[in-house]
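Asks: Have a look at this one.
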Amino acid sequence: LLRALRYRWIVTAVALTIAGSDPSGGAGIQADLTTFHHFGVFGLGAITLLTVQNTQRVSRVETVPADFVLDQIAEVISDIRPGAAKTGALGSVEIVEGLADIAESFAFPLIVDPVLISTQGMRLLARDAESVLKNRLLACAYLITPNIPEAEILTGVTICNEADIRRAAHLLLNFGCQAVLIKGGHSSGDPVDYLLDDSGGWNAFPGKRIKTMHTHGTGCVYSAAITACLALGYGLLEAIEISREFIQKAIETAPGLGSGNGPVNYFAPATGLRDGSSSRK
Ligand code: PXL
């Protein structure tokens with residue numbers, strides 16, 4: 001679990017995102033890079049797919065050819081070494097397969113945010129890629145960050161309570177990742193995130209439900225914040241705590257952009273970072 005700490009020698013923290021484009025800016029690679037920057041981390045970004053969307057709907061998705069995605073990653077990481085990387089929307093079977101092939105030898109922790117379907121119901125990962133993601137990519141992951149619907153789809157467990165979450169987390173851990181964070185945002189009542197790690201550690205992170213429709217991109221921003229913290233050298237628990245506090249405030253102070261499900265506030269303070277590890281406190 002402390003694998004991320006090995007990369008503390010990096011003077012300028014760098015993180016890589018492998019994700020899709022959301023031109024409305026609240027989710028996808030735009031969310032990841034903005035969040036990295038806010039945490040004082042230099043962002044690298046390889047684009048997997050393009051969407052046409054605004055805060056009301058996702059109307060089109062075009063997936064980038066897999067070899068083009070893999071070339072983007074290979075070229076950039078052979079030149080600039082990230083301290084951590086994350087994935088978002090991956091699009092096709094070929095992208096997931098190719099990524100799993102190279103991720104086995106990544107010298108940095110990989111956070112897999114298993115984005116499957118947008119809130120509005122558009123597929124961001126082909127259905128037949130779900131099994132490849134499970135059976136190939138999860139084994140390369142340091143951490144995976146499913147929400148409840150994603151954990152249900154990936155495990156077949158219907159989640160109604162903490163025991164179900166625990167069972168789903170164990171099933172996901174069996175695919176070979178080192179830790180599973182199942183996020184409680186889609187539950188009813190106050191959300192609780194649960195972390196299971198490969199030494200059997202079980203942590204609950206209780207939060208406060210905020211009544212708002214402006215939660216577009218929350219999962220992307222949260223996993224990007226964790227990735228940024230790992231790139232900065234924080235341990236996993238600390239990375240999650242800092243990121244939870246940030247996402248809570250980012251939702252509370254959402255700017256209300258657009259007439260649908262708007263983005264969260266990237267400018268919310270990233271507190272809890274040690275001196276010198278972020279451009280903003
Ligand atoms: O929030 C998931 C997500 C990730 N990536 C892209 C998206 C979305 C949701 O719409 O568009 C590109």
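We name chains A, B, ... following the order of the structure tokens; residues begin at 1 in each chain, and ligands are numbered from 1 as shown.
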Which residues form the shell of 6 Å around ligand 1 when you count only C-alpha atoms and all ligand atoms, given as a PyMOL selection string?
Replies: chain A and resi 20-22+27-28+88-89+115+118+217+219-220
Asks: Using only C-alpha atoms, which protein or nucleic acid residues come within 10 Å of Thr51 of chain A? Drop anything in the same chain fewer than 5 positions from it, and give the result as a ChimeraX atom specification.
Replies: /A:20-24,28,58-63,122,124
Asks: In terms of the shortest atom-to-atom distance over only C-alpha atoms, which of A:Val93, A:Lys249, A:Ile226, A:Leu232 is closest to Gly207 of chain A?
Replies: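 That would be A:Lys249, the residue with the smallest distance to Gly207 of chain A.
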Asks: May I ask for the distance between atom CA of Thr48 of chain A and atom CA of Glu245 of chain A, given in Å to one decimal place?
Replies: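 Taking atom CA of Thr48 of chain A and atom CA of Glu245 of chain A, their separation equals 29.0 Å.
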Asks: To one decimal in Å, tell me the separation between atom CA of Ala13 of chain A and atom CA of Glu97 of chain A.
Replies: 27.9 Å
Asks: Once DSSP has gone over the backbone, tell me which residues of segment 45-135 of chain A are in helix (DSSP H, G or I), as JSON, numbers by chain.
Replies: {"A": [66, 67, 68, 69, 70, 71, 72, 73, 74, 75, 76, 77, 93, 94, 95, 96, 97, 98, 99, 100, 101, 102, 103, 127, 128, 129, 130, 131, 132, 133, 134, 135]}
Asks: Do you know which residues are at most 12 Å from Phe106 of chain A counting only C-alpha atoms, after dropping those on the same chain fewer than 4 positions away, and could you put them as a list of chain:residue names?
Replies: A:Leu16, A:Ile73, A:Ala74, A:Ile77, A:Ser78, A:Arg81, A:Pro82, A:Gly83, A:Ala84, A:Ala85, A:Lys86, A:Leu99, A:Ala100, A:Asp101, A:Ile102, A:Leu110, A:Ile111, A:Cys140, A:Ala141, A:Tyr142
Asks: Using DSSP on the backbone, list every residue of segment 50-271 of chain A that comes out as strand (DSSP E or B), and give them as number ranges by chain.
Replies: A: 50-53, 58-63, 84-87, 91, 110-112, 117, 123, 125, 143-144, 147, 179-183, 192-197, 202-206, 216, 263
Asks: Which of these residues is nearest to Thr253 of chain A, using only C-alpha atoms: A:Leu133, A:Leu138, A:Cys229, A:Met213?
Replies: A:Met213
Asks: Quick one: which segment 55-137 of chain A residues come within 12 Å of segment 178-196 of chain A, and what is the nearest atom pair for each with the distance in Å to one decimal, counting only C-alpha atoms, rows ordered by chain and ascending number, as a tab-separated table?
Replies:
residue	atom	partner	partner_atom	distance
A:Pro109	CA	A:Gln178	CA	9.9
A:Leu110	CA	A:Gln178	CA	10.1
A:Ile111	CA	A:Ala179	CA	9.5
A:Val112	CA	A:Val180	CA	9.7
A:Asp113	CA	A:Leu181	CA	9.7
A:Pro114	CA	A:Ile182	CA	10.9
A:Thr119	CA	A:His186	CA	10.9
Asks: Generate the output file for the selected residues, C-alpha atoms, as an mmCIF file, in the first residue's frame.
Replies:
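Output saved as selection_19.cif:
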data_model
loop_
_atom_site.group_PDB
_atom_site.id
_atom_site.type_symbol
_atom_site.label_atom_id
_atom_site.label_comp_id
_atom_site.auth_asym_id
_atom_site.auth_seq_id
_atom_site.Cartn_x
_atom_site.Cartn_y
_atom_site.Cartn_z
ATOM 1 C CA PRO A 109 0.663 3.787 -9.088
ATOM 2 C CA LEU A 110 -2.376 3.572 -11.382
ATOM 3 C CA ILE A 111 -5.776 4.697 -10.137
ATOM 4 C CA VAL A 112 -8.619 3.197 -12.157
ATOM 5 C CA ASP A 113 -11.873 5.140 -11.973
ATOM 6 C CA PRO A 114 -14.116 2.599 -13.705
ATOM 7 C CA THR A 119 -25.271 10.085 -15.547
#
Asks: Kindly give the distance, in Å, that separates atom CA of Gly200 of chain A and atom CA of Ala225 of chain A, rounded to a single decimal.
Replies: 24.1 Å
